[in-house]
$ cat data11.txt   # compact mmCIF, C-alpha atoms
# COMPACT_ATOMS: atom_id res chain seq x y z
CA GLY C 3 -14.81 -11.06 25.26
CA ALA C 4 -11.69 -9.84 27.02
CA VAL C 5 -12.30 -6.17 26.21
CA GLN C 6 -14.18 -5.62 29.48
CA ASP C 7 -11.10 -6.85 31.35
CA LEU C 8 -9.35 -3.67 30.26
CA LEU C 9 -11.55 -1.86 32.77
CA GLY C 10 -10.81 -4.32 35.59
CA GLY C 11 -7.94 -4.38 38.03
CA PHE C 12 -4.31 -3.85 37.05
CA GLY C 13 -3.54 -7.55 36.60
CA SER C 14 -6.58 -8.29 34.43
CA ALA C 15 -6.17 -5.08 32.45
CA MET C 16 -2.50 -5.71 31.64
CA THR C 17 -3.15 -9.34 30.72
CA SER C 18 -5.97 -8.38 28.38
CA PHE C 19 -3.95 -5.50 26.93
CA GLY C 20 -1.03 -7.86 26.32
CA ARG C 21 -3.29 -10.29 24.49
CA LEU C 22 -4.59 -7.46 22.32
CA LEU C 23 -1.01 -6.40 21.49
CA GLY C 24 -0.19 -10.01 20.59
CA LEU C 25 -3.12 -10.24 18.20
CA VAL C 26 -2.22 -6.99 16.44
CA SER C 27 1.43 -8.01 16.27
CA SER C 28 0.50 -11.37 14.73
CA ASN C 29 -1.65 -9.64 12.12
CA MET C 30 1.18 -7.31 11.16
CA LEU C 31 3.68 -10.16 11.11
CA LEU C 32 1.60 -12.18 8.65
CA LEU C 33 0.77 -9.12 6.56
CA GLN C 34 4.47 -8.32 6.14
CA VAL C 35 5.06 -11.93 5.05
CA LEU C 36 2.35 -11.41 2.43
CA ALA C 37 3.87 -8.05 1.46
CA MET C 38 7.17 -9.67 0.50
CA ALA C 39 5.76 -12.86 -1.00
CA ARG C 40 6.21 -11.37 -4.51
CA ILE C 41 2.52 -11.81 -5.36
CA PRO C 42 2.44 -10.74 -9.05
CA TRP C 43 -0.85 -8.81 -9.06
CA ALA C 44 0.11 -6.95 -5.86
CA GLU C 45 3.48 -5.93 -7.28
CA ARG C 46 1.96 -4.76 -10.55
CA SER C 47 -0.71 -2.76 -8.74
CA LEU C 48 1.31 -1.24 -5.92
CA GLY C 49 4.94 -1.38 -7.02
CA GLN C 50 7.77 -3.12 -5.19
CA ASP C 51 9.11 0.18 -3.83
CA ARG C 52 5.85 0.93 -1.99
CA ILE C 53 5.45 -2.67 -0.83
CA THR C 54 9.01 -2.62 0.54
CA ARG C 55 8.28 0.54 2.56
CA TRP C 56 5.14 -1.09 3.98
CA HIS C 57 7.11 -4.24 4.78
CA ARG C 58 9.68 -2.22 6.72
CA LEU C 59 7.02 -0.31 8.67
CA LEU C 60 5.04 -3.47 9.42
CA GLY C 61 8.20 -5.33 10.41
CA PHE C 62 9.49 -2.86 13.00
CA THR C 63 5.99 -2.23 14.37
CA SER C 64 5.16 -5.92 14.71
CA VAL C 65 8.41 -6.66 16.56
CA ASN C 66 7.88 -3.72 18.95
CA LEU C 67 4.30 -4.85 19.62
CA MET C 68 5.48 -8.43 20.12
CA LEU C 69 7.94 -7.31 22.81
CA ALA C 70 5.24 -5.08 24.37
CA HIS C 71 2.90 -8.10 24.36
CA LEU C 72 5.48 -10.13 26.27
CA VAL C 73 6.06 -7.37 28.83
CA ALA C 74 2.39 -6.47 29.38
CA THR C 75 1.24 -10.08 29.65
CA THR C 76 4.01 -10.93 32.12
CA MET C 77 3.20 -7.86 34.22
CA GLY C 78 -0.47 -8.87 34.27
CA TYR C 79 0.21 -12.46 35.32
CA ALA C 80 2.75 -11.30 37.88
CA ALA C 81 0.20 -8.93 39.42
CA LEU C 82 -2.49 -11.62 39.53
CA ALA C 83 -0.11 -14.19 41.05
CA ARG C 84 1.57 -11.62 43.31
CA THR C 85 5.05 -12.59 42.11
CA GLY C 86 7.98 -10.64 40.69
CA PHE C 87 8.22 -9.78 37.00
CA LEU C 88 11.36 -11.85 36.27
CA ALA C 89 10.09 -14.86 38.22
CA GLU C 90 6.80 -14.78 36.31
CA LEU C 91 8.60 -14.35 32.99
CA TRP C 92 10.77 -17.40 33.69
CA SER C 93 7.71 -19.39 34.70
CA LEU C 94 5.83 -18.46 31.51
CA VAL C 95 8.75 -19.23 29.21
CA THR C 96 9.55 -22.58 30.80
CA THR C 97 6.05 -23.91 31.63
CA ALA C 98 3.44 -22.33 29.34
CA PRO C 99 2.67 -24.50 26.27
CA GLY C 100 4.56 -23.39 23.19
CA MET C 101 6.36 -20.54 24.96
CA LEU C 102 9.88 -21.89 24.42
CA LEU C 103 9.22 -22.03 20.67
CA ALA C 104 7.61 -18.59 20.74
CA THR C 105 10.61 -17.19 22.62
CA ALA C 106 12.97 -18.59 19.98
CA GLY C 107 10.80 -17.05 17.26
CA THR C 108 10.81 -13.70 19.07
CA ALA C 109 14.61 -13.82 19.33
CA LEU C 110 14.84 -14.36 15.56
CA PHE C 111 12.60 -11.37 14.89
CA VAL C 112 14.62 -9.17 17.24
CA ILE C 113 17.87 -10.15 15.47
CA ILE C 114 16.30 -9.37 12.08
CA ALA C 115 14.98 -6.00 13.34
CA VAL C 116 18.32 -5.01 14.88
CA THR C 117 20.27 -5.84 11.71
CA SER C 118 17.71 -3.88 9.66
CA VAL C 119 18.34 -0.62 11.52
CA LYS C 120 20.11 1.68 9.09
CA ALA C 121 23.26 2.05 11.21
CA ALA C 122 23.64 -1.73 11.45
CA ARG C 123 22.44 -2.35 7.91
CA ARG C 124 25.39 -0.38 6.48
CA ARG C 125 27.81 -2.77 8.21
CA VAL C 126 26.23 -5.99 6.93
CA LYS C 127 26.60 -7.29 3.39
CA TYR C 128 23.32 -7.27 1.53
CA GLU C 129 23.51 -10.98 0.74
CA SER C 130 24.12 -11.88 4.40
CA TRP C 131 21.30 -9.59 5.53
CA HIS C 132 18.94 -11.05 2.91
CA LEU C 133 19.75 -14.61 3.95
CA LEU C 134 19.22 -13.71 7.62
CA HIS C 135 15.87 -12.18 6.68
CA LEU C 136 14.63 -15.58 5.50
CA TYR C 137 14.59 -16.68 9.15
CA ALA C 138 11.46 -14.52 9.53
CA TYR C 139 9.52 -17.43 8.02
CA LEU C 140 10.91 -19.72 10.72
CA GLY C 141 10.02 -17.17 13.39
CA ALA C 142 6.43 -17.01 12.15
CA GLY C 143 6.21 -20.80 12.24
CA LEU C 144 7.60 -20.97 15.78
CA ALA C 145 4.93 -18.53 17.00
CA LEU C 146 2.05 -20.67 15.73
CA PRO C 147 2.13 -23.42 18.44
CA HIS C 148 1.99 -20.76 21.17
CA GLN C 149 -1.17 -19.31 19.62
CA LEU C 150 -2.72 -22.75 19.15
CA TRP C 151 -2.03 -24.03 22.65
CA THR C 152 -2.55 -20.91 24.79
CA GLY C 153 -4.38 -18.40 22.61
CA ALA C 154 -8.02 -18.29 23.71
CA ASP C 155 -8.66 -15.52 21.18
CA PHE C 156 -7.21 -17.75 18.46
CA LEU C 157 -9.38 -20.82 18.99
CA ALA C 158 -12.51 -19.97 20.99
CA PRO C 159 -14.83 -18.10 18.55
CA PRO C 160 -15.38 -19.97 15.24
CA ILE C 161 -15.03 -16.75 13.23
CA ALA C 162 -11.68 -15.98 14.89
CA THR C 163 -10.49 -19.54 14.28
CA ALA C 164 -11.41 -19.32 10.59
CA TYR C 165 -9.75 -15.90 10.30
CA TRP C 166 -6.44 -16.92 11.87
CA TRP C 167 -6.18 -20.24 10.08
CA GLY C 168 -7.11 -18.47 6.84
CA LEU C 169 -4.45 -15.77 7.31
CA TYR C 170 -1.75 -18.30 8.20
CA GLY C 171 -2.82 -20.48 5.28
CA VAL C 172 -2.79 -17.64 2.75
CA ALA C 173 0.61 -16.43 3.97
CA LEU C 174 2.10 -19.93 3.81
CA ALA C 175 0.59 -20.62 0.38
CA ALA C 176 1.85 -17.29 -0.99
CA VAL C 177 5.40 -18.00 0.17
CA LEU C 178 5.41 -21.58 -1.14
CA VAL C 179 3.91 -20.64 -4.51
CA PHE C 180 5.61 -17.32 -5.31
CA ARG C 181 8.92 -17.54 -3.43
CA VAL C 182 9.63 -21.27 -3.84
CA ALA C 183 7.60 -23.00 -6.56
CA ALA C 184 7.56 -20.18 -9.13
CA PRO C 185 11.35 -19.53 -9.02
CA LEU C 186 12.08 -23.26 -9.20
CA ARG C 187 9.71 -23.62 -12.15
CA THR C 188 11.41 -20.73 -13.99
CA THR C 189 14.87 -22.05 -13.18
CA PHE C 190 14.19 -25.59 -14.36
CA ALA C 191 12.24 -24.44 -17.44
CA GLN C 192 14.85 -21.93 -18.60
CA ARG C 193 18.06 -23.81 -17.65
CA LEU C 194 20.05 -20.57 -17.64
CA THR C 195 23.85 -20.48 -17.70
CA VAL C 196 26.52 -17.79 -17.88
CA SER C 197 27.67 -17.60 -21.49
CA HIS C 198 30.48 -15.04 -21.16
CA ILE C 199 31.85 -12.24 -19.00
CA VAL C 200 32.83 -8.76 -20.17
CA ALA C 201 34.90 -6.18 -18.28
CA GLU C 202 33.05 -2.98 -19.18
CA SER C 203 35.44 -0.63 -17.37
CA PRO C 204 37.71 -0.77 -14.30
CA GLY C 205 35.70 -2.42 -11.54
CA VAL C 206 32.56 -2.93 -13.66
CA ILE C 207 31.64 -6.41 -14.94
CA SER C 208 28.81 -7.61 -17.18
CA LEU C 209 27.53 -11.17 -17.23
CA TYR C 210 25.71 -12.49 -20.28
CA ILE C 211 23.21 -15.22 -19.42
CA THR C 212 21.64 -17.52 -21.96
CA GLY C 213 19.26 -20.46 -22.08
CA PRO C 214 17.45 -22.65 -24.63
CA ARG C 215 14.02 -21.12 -23.91
CA LEU C 216 14.77 -17.43 -23.46
CA ALA C 217 12.46 -16.54 -26.34
CA LYS C 218 9.52 -17.82 -24.27
CA MET C 219 10.43 -15.91 -21.10
CA ALA C 220 8.01 -13.07 -20.30
CA VAL C 221 10.46 -10.32 -19.35
CA SER C 222 10.66 -6.62 -20.19
CA ALA C 223 13.34 -3.96 -20.22
CA GLY C 224 13.53 -2.22 -16.84
CA GLN C 225 12.84 -5.35 -14.79
CA PHE C 226 15.11 -7.19 -12.38
CA PHE C 227 15.71 -10.73 -11.15
CA VAL C 228 17.12 -12.14 -7.94
CA TRP C 229 20.09 -14.15 -9.24
CA ARG C 230 21.86 -17.09 -7.62
CA PHE C 231 24.97 -18.52 -9.26
CA ARG C 232 25.91 -22.16 -8.69
CA THR C 233 29.55 -21.48 -7.89
CA GLY C 234 29.88 -23.61 -4.78
CA ALA C 235 30.10 -21.91 -1.39
CA GLY C 236 27.94 -18.80 -1.31
CA TRP C 237 25.55 -19.84 -4.09
CA THR C 238 22.51 -19.35 -1.84
CA ARG C 239 23.07 -15.59 -1.71
CA GLY C 240 20.50 -13.74 -3.77
CA HIS C 241 21.55 -10.77 -5.91
CA PRO C 242 18.76 -8.39 -6.98
CA LEU C 243 20.17 -7.00 -10.23
CA SER C 244 18.34 -5.23 -13.05
CA LEU C 245 18.83 -6.12 -16.68
CA SER C 246 21.40 -3.72 -18.09
CA ALA C 247 20.36 -4.31 -21.71
CA ALA C 248 17.03 -4.86 -23.41
CA PRO C 249 16.23 -8.59 -23.23
CA ASN C 250 16.29 -10.67 -26.41
CA SER C 251 15.94 -14.30 -27.38
CA GLY C 252 19.71 -14.78 -27.27
CA SER C 253 20.78 -13.49 -23.87
CA LEU C 254 20.14 -11.42 -20.77
CA ARG C 255 22.77 -9.03 -19.44
CA ILE C 256 23.42 -7.81 -15.90
CA THR C 257 26.13 -5.38 -14.81
CA PHE C 258 27.60 -4.84 -11.36
CA LEU C 259 30.50 -3.33 -9.43
CA VAL C 260 33.27 -5.71 -8.40
CA ARG C 261 33.77 -3.77 -5.17
CA GLY C 262 30.13 -4.28 -4.21
CA ASP C 263 28.83 -6.94 -1.83
CA ASP C 264 30.05 -10.33 -3.06
CA GLY C 265 31.34 -8.64 -6.23
CA ALA C 266 34.72 -10.40 -6.20
CA ARG C 267 33.05 -13.83 -6.16
CA LEU C 268 30.74 -12.87 -9.01
CA ALA C 269 33.62 -11.46 -11.03
CA ALA C 270 35.34 -14.87 -10.81
CA ILE C 271 32.36 -16.72 -12.29
CA LYS C 272 33.25 -18.98 -15.21
CA PRO C 273 31.27 -19.46 -18.43
CA GLY C 274 28.91 -22.38 -18.09
CA THR C 275 27.98 -21.62 -14.48
CA LYS C 276 24.37 -22.57 -13.83
CA VAL C 277 22.02 -19.79 -12.75
CA MET C 278 18.93 -19.85 -10.51
CA VAL C 279 16.49 -16.94 -10.80
CA GLU C 280 13.51 -15.37 -9.08
CA GLY C 281 11.48 -13.03 -11.21
CA PRO C 282 11.19 -11.03 -13.31
CA TYR C 283 10.07 -8.30 -10.93
CA GLY C 284 9.40 -4.59 -11.21
CA ARG C 285 6.92 -2.43 -13.09
CA LEU C 286 9.39 0.08 -14.57
CA ILE C 287 8.56 -1.34 -18.00
CA PRO C 288 7.66 0.17 -21.39
CA ASP C 289 4.01 -0.88 -21.09
CA VAL C 290 3.31 1.53 -18.21
CA ALA C 291 4.10 4.58 -20.38
CA THR C 292 0.99 6.63 -21.20
CA LYS C 293 2.64 9.08 -23.65
CA ARG C 294 5.25 8.82 -26.37
CA GLY C 295 7.79 11.13 -24.75
CA LEU C 296 10.46 9.49 -22.58
CA VAL C 297 12.82 11.05 -20.03
CA VAL C 298 15.01 8.87 -17.80
CA ILE C 299 17.16 10.14 -14.92
CA GLY C 300 19.85 8.17 -13.11
CA SER C 301 23.39 8.01 -11.81
CA GLY C 302 26.13 5.43 -11.34
CA LEU C 303 25.08 1.86 -12.02
CA GLY C 304 21.52 2.94 -11.30
CA VAL C 305 21.41 3.74 -15.02
CA THR C 306 21.48 0.06 -16.03
CA PRO C 307 17.69 -0.48 -16.23
CA LEU C 308 17.35 2.93 -17.88
CA ILE C 309 19.75 1.93 -20.66
CA ALA C 310 17.67 -1.21 -21.20
CA LEU C 311 14.53 0.96 -21.46
CA LEU C 312 16.21 3.32 -23.95
CA GLN C 313 17.40 0.40 -26.08
CA ASP C 314 13.86 -0.98 -26.15
CA ALA C 315 12.44 2.42 -27.10
CA VAL C 316 14.92 2.84 -29.97
CA SER C 317 14.49 -0.72 -31.28
CA THR C 318 10.68 -0.49 -31.28
CA GLY C 319 10.63 2.90 -33.02
CA LYS C 320 9.19 4.84 -30.08
CA THR C 321 11.84 7.55 -30.43
CA VAL C 322 11.38 8.24 -34.17
CA ASP C 323 9.17 11.31 -33.74
CA ARG C 324 10.57 12.50 -30.43
CA PRO C 325 14.03 11.46 -29.17
CA ALA C 326 14.23 10.24 -25.58
CA THR C 327 16.18 12.33 -23.06
CA PHE C 328 18.72 10.65 -20.80
CA VAL C 329 19.72 12.81 -17.80
CA ARG C 330 22.87 11.30 -16.33
CA ARG C 331 24.34 12.43 -13.02
CA ALA C 332 28.06 11.84 -12.34
CA SER C 333 30.80 13.25 -10.14
CA SER C 334 33.26 12.90 -13.04
CA ALA C 335 32.92 12.75 -16.81
CA ASP C 336 35.39 9.85 -16.91
CA ASN C 337 34.49 6.16 -16.73
CA GLN C 338 30.75 6.51 -17.17
CA PRO C 339 29.08 3.08 -16.82
CA LEU C 340 28.24 1.33 -20.10
CA GLN C 341 29.44 4.28 -22.17
CA ALA C 342 29.66 2.12 -25.31
CA ASP C 343 25.93 1.43 -25.05
CA VAL C 344 25.21 5.14 -24.59
CA ASP C 345 27.35 5.97 -27.64
CA ARG C 346 25.33 3.53 -29.75
CA LEU C 347 22.10 5.10 -28.51
CA LEU C 348 23.40 8.53 -29.44
CA ALA C 349 24.44 7.30 -32.89
CA SER C 350 20.91 5.99 -33.48
CA GLY C 351 19.56 9.53 -33.23
CA GLY C 352 16.81 8.39 -30.89
CA VAL C 353 18.38 9.55 -27.64
CA LYS C 354 19.74 12.84 -26.31
CA VAL C 355 22.08 12.76 -23.31
CA LEU C 356 22.33 15.53 -20.72
CA ASP C 357 25.26 15.02 -18.33
CA LEU C 358 25.19 16.71 -14.94
CA VAL C 359 28.81 16.53 -13.78
CA GLY C 360 30.18 17.83 -10.53
CA PRO C 361 30.36 17.25 -6.76
CA ARG C 362 27.28 16.54 -4.72
CA SER C 363 25.52 19.54 -3.26
CA ARG C 364 26.19 20.03 0.45
CA ALA C 365 23.18 22.31 0.80
CA GLY C 366 20.72 19.72 -0.47
CA THR C 367 19.71 21.79 -3.49

$ encode --input "data11.txt" --output "structure tokens"
Amino acid sequence: GAVQDLLGGFGSAMTSFGRLLGLVSSNMLLLQVLAMARIPWAERSLGQDRITRWHRLLGFTSVNLMLAHLVATTMGYAALARTGFLAELWSLVTTAPGMLLATAGTALFVIIAVTSVKAARRRVKYESWHLLHLYAYLGAGLALPHQLWTGADFLAPPIATAYWWGLYGVALAAVLVFRVAAPLRTTFAQRLTVSHIVAESPGVISLYITGPRLAKMAVSAGQFFVWRFRTGAGWTRGHPLSLSAAPNSGSLRITFLVRGDDGARLAAIKPGTKVMVEGPYGRLIPDVATKRGLVVIGSGLGVTPLIALLQDAVSTGKTVDRPATFVRRASSADNQPLQADVDRLLASGGVKVLDLVGPRSRAGT
């Protein structure tokens, strides 16, 4: 009903335009929460890489629209009340129902957006950035009272009320089920612990993780978990690490660089440390293959899930008729990650390795 106000005077037009921006921003905000809720069927259908790109686009756009909503609405009210912009902004924040909470939520979203800009992102440890990102859920919750108490478009029409409550409800349920309940259920059911630690090469560590019910875990080579290790301070930091060996009923293996984010703490983990997990995630699994031939391409520790895939292919006999090809990029032939695993794959006769060694191209070709 406020669309016609867009054709009215400046004050009415800006107020209505600001409300429209707020509605679109809220939609995008809740859609990005859904995008990263780790909904299994969505991840299998779309892939986490595509969902992550959508999440980033939705995130920056929703924050920009949220700020534009604040500016446009304040300009509209200021024009109608014939007051200054800053005076009207102060009045809205301090007197409008729910605005103090909404302002706090907006500040959280701005902080998350700023730290997600690539230039800033490179200066922040992944684990710290990931933990900060969780405040987006708090920001979404803080925005809800503002919509309930002052949002005419939120409550007036019954269809709009059902839509908004439904979207908030689905987003909340998805987070509670797939980001909280499901990981806790897996963690308590599996009772995973670190069994032993292996120094693969200088600066590269592998952790072997075991549990009494690993044989019943539905996990495939090529997938990853978000790992949390109960080591005391810092245990809440999530580490998205792929399996570096084909999973079996005895153990799971992950491999990481000690010089990476939080690597020194992980390298000091002791056998027996309890492990919390989210996952498994990812659709880079053997079941998605449509033909028997297999070529994998990777570099650095990005080869870890590929080695797991090759081990699975060899153990299941998929490379008997046609060996798999492993294209491995490296700046030096020395200290290739998990070389012992690659040597065993070569000895099996089921894998051919093509090493591309040399400096990176400066021409982009």

$ residues_around --input "data11.txt" --residues "Val206 (chain C)" --least-positions-apart "4" --cutoff "7 Å" --atoms "only C-alpha atoms" --output "ChimeraX atom specification"
/C:201-202,257-260

$ residues_around --input "data11.txt" --residues "region 137-152 of chain C" --least-positions-apart "4" --cutoff "9 Å" --atoms "only C-alpha atoms" --output "list in words"
Ser28, Leu31, Leu32, Val35, Ala98, Pro99, Gly100, Met101, Leu102, Leu103, Ala104, Thr105, Ala106, Gly107, Thr108, Ala109, Leu110, Phe111, Ile114, Leu133, Phe156, Leu157, Tyr170, Leu174 and Val177 of chain C

$ write_last_selection --input "data11.txt" --atoms "C-alpha atoms" --output "tab-separated table (two decimals), in the frame of the given file"
chain	number	residue	atom	x	y	z
C	28	SER	CA	0.50	-11.37	14.73
C	31	LEU	CA	3.68	-10.16	11.11
C	32	LEU	CA	1.60	-12.18	8.65
C	35	VAL	CA	5.06	-11.93	5.05
C	98	ALA	CA	3.44	-22.33	29.34
C	99	PRO	CA	2.67	-24.50	26.27
C	100	GLY	CA	4.56	-23.39	23.19
C	101	MET	CA	6.36	-20.54	24.96
C	102	LEU	CA	9.88	-21.89	24.42
C	103	LEU	CA	9.22	-22.03	20.67
C	104	ALA	CA	7.61	-18.59	20.74
C	105	THR	CA	10.61	-17.19	22.62
C	106	ALA	CA	12.97	-18.59	19.98
C	107	GLY	CA	10.80	-17.05	17.26
C	108	THR	CA	10.81	-13.70	19.07
C	109	ALA	CA	14.61	-13.82	19.33
C	110	LEU	CA	14.84	-14.36	15.56
C	111	PHE	CA	12.60	-11.37	14.89
C	114	ILE	CA	16.30	-9.37	12.08
C	133	LEU	CA	19.75	-14.61	3.95
C	156	PHE	CA	-7.21	-17.75	18.46
C	157	LEU	CA	-9.38	-20.82	18.99
C	170	TYR	CA	-1.75	-18.30	8.20
C	174	LEU	CA	2.10	-19.93	3.81
C	177	VAL	CA	5.40	-18.00	0.17

$ closest_residue --input "data11.txt" --among "C:Ser197, C:Ala89, C:Ser27, C:Pro42" --to "Met68 (chain C)" --atoms "all atoms listed in the file"
C:Ser27

$ residues_around --input "data11.txt" --residues "Asp323 (chain C)" --least-positions-apart "3" --cutoff "12 Å" --atoms "all atoms listed in the file" --output "MDAnalysis selection string"
chainID C and resid 294:296 315:316 319:320 326 351:353

$ atom_distance --input "data11.txt" --atom1 "CA of Gln313 (chain C)" --atom2 "CA of Val355 (chain C)"
13.5 Å

$ atom_distance --input "data11.txt" --atom1 "CA of Ile256 (chain C)" --atom2 "CA of Tyr210 (chain C)"
6.8 Å

$ closest_residue --input "data11.txt" --among "C:Thr76, C:Gln192, C:Ser222, C:Ser350" --to "Arg285 (chain C)" --atoms "only C-alpha atoms"
C:Ser222

$ closest_residue --input "data11.txt" --among "C:Pro273, C:Gly78, C:Gly205, C:Gly13" --to "Thr233 (chain C)" --atoms "all atoms listed in the file"
C:Pro273

$ closest_residue --input "data11.txt" --among "C:Leu48, C:Ala115, C:Ala349, C:Leu72" --to "Leu286 (chain C)" --atoms "all atoms listed in the file"
C:Leu48

$ atom_distance --input "data11.txt" --atom1 "CA of Ser203 (chain C)" --atom2 "CA of Trp237 (chain C)"
25.4 Å

$ residues_around --input "data11.txt" --residues "Thr238 (chain C)" --least-positions-apart "2" --cutoff "12 Å" --atoms "all atoms listed in the file" --output "JSON list (two decimals) with C-alpha atoms, in the frame of the given file"
[["chain", "number", "residue", "atom", "x", "y", "z"],
["C", 129, "GLU", "CA", 23.51, -10.98, 0.74],
["C", 130, "SER", "CA", 24.12, -11.88, 4.40],
["C", 132, "HIS", "CA", 18.94, -11.05, 2.91],
["C", 133, "LEU", "CA", 19.75, -14.61, 3.95],
["C", 134, "LEU", "CA", 19.22, -13.71, 7.62],
["C", 136, "LEU", "CA", 14.63, -15.58, 5.50],
["C", 228, "VAL", "CA", 17.12, -12.14, -7.94],
["C", 229, "TRP", "CA", 20.09, -14.15, -9.24],
["C", 230, "ARG", "CA", 21.86, -17.09, -7.62],
["C", 231, "PHE", "CA", 24.97, -18.52, -9.26],
["C", 232, "ARG", "CA", 25.91, -22.16, -8.69],
["C", 233, "THR", "CA", 29.55, -21.48, -7.89],
["C", 234, "GLY", "CA", 29.88, -23.61, -4.78],
["C", 235, "ALA", "CA", 30.10, -21.91, -1.39],
["C", 236, "GLY", "CA", 27.94, -18.80, -1.31],
["C", 240, "GLY", "CA", 20.50, -13.74, -3.77],
["C", 241, "HIS", "CA", 21.55, -10.77, -5.91],
["C", 264, "ASP", "CA", 30.05, -10.33, -3.06],
["C", 277, "VAL", "CA", 22.02, -19.79, -12.75],
["C", 278, "MET", "CA", 18.93, -19.85, -10.51],
["C", 279, "VAL", "CA", 16.49, -16.94, -10.80]]

$ axis_aligned_box --input "data11.txt" --around "region 274-283 of chain C" --padding-each-side "8 Å" --output "AutoDock Vina command-line options"
--center_x 19.5 --center_y -15.4 --center_z -13.6 --size_x 34.8 --size_y 30.3 --size_z 25.0

$ residues_near_point --input "data11.txt" --point "(21.2, -9.0, -18.4)" --cutoff "7 Å" --atoms "only C-alpha atoms" --output "number ranges by chain"
C: 209-211, 245-247, 249, 254-256

$ write_last_selection --input "data11.txt" --atoms "C-alpha atoms" --output "CSV table (one decimal), keeping the file's coordinate frame"
chain,number,residue,atom,x,y,z
C,209,LEU,CA,27.5,-11.2,-17.2
C,210,TYR,CA,25.7,-12.5,-20.3
C,211,ILE,CA,23.2,-15.2,-19.4
C,245,LEU,CA,18.8,-6.1,-16.7
C,246,SER,CA,21.4,-3.7,-18.1
C,247,ALA,CA,20.4,-4.3,-21.7
C,249,PRO,CA,16.2,-8.6,-23.2
C,254,LEU,CA,20.1,-11.4,-20.8
C,255,ARG,CA,22.8,-9.0,-19.4
C,256,ILE,CA,23.4,-7.8,-15.9

$ closest_residue --input "data11.txt" --among "C:Ile309, C:Gly20, C:Ala220, C:Pro325" --to "Asp345 (chain C)" --atoms "all atoms listed in the file"
C:Ile309

$ residues_around --input "data11.txt" --residues "Phe19 (chain C)" --least-positions-apart "2" --cutoff "8 Å" --atoms "all atoms listed in the file" --output "ChimeraX atom specification"
/C:8,15-17,21-23,71,74-75

$ write_last_selection --input "data11.txt" --atoms "C-alpha atoms" --output "PDB file, in the frame of the given file"
ATOM      1  CA  LEU C   8      -9.350  -3.670  30.260  1.00  0.00           C
ATOM      2  CA  ALA C  15      -6.170  -5.080  32.450  1.00  0.00           C
ATOM      3  CA  MET C  16      -2.500  -5.710  31.640  1.00  0.00           C
ATOM      4  CA  THR C  17      -3.150  -9.340  30.720  1.00  0.00           C
ATOM      5  CA  ARG C  21      -3.290 -10.290  24.490  1.00  0.00           C
ATOM      6  CA  LEU C  22      -4.590  -7.460  22.320  1.00  0.00           C
ATOM      7  CA  LEU C  23      -1.010  -6.400  21.490  1.00  0.00           C
ATOM      8  CA  HIS C  71       2.900  -8.100  24.360  1.00  0.00           C
ATOM      9  CA  ALA C  74       2.390  -6.470  29.380  1.00  0.00           C
ATOM     10  CA  THR C  75       1.240 -10.080  29.650  1.00  0.00           C
TER      11      THR C  75
END

$ residues_near_point --input "data11.txt" --point "(9.8, -23.9, -23.8)" --cutoff "8 Å" --atoms "only C-alpha atoms" --output "PyMOL selection string"
chain C and resi 191-192+214-215+218

$ closest_residue --input "data11.txt" --among "C:Leu303, C:Arg324, C:Gly61, C:Thr163" --to "Ser244 (chain C)" --atoms "all atoms listed in the file"
C:Leu303
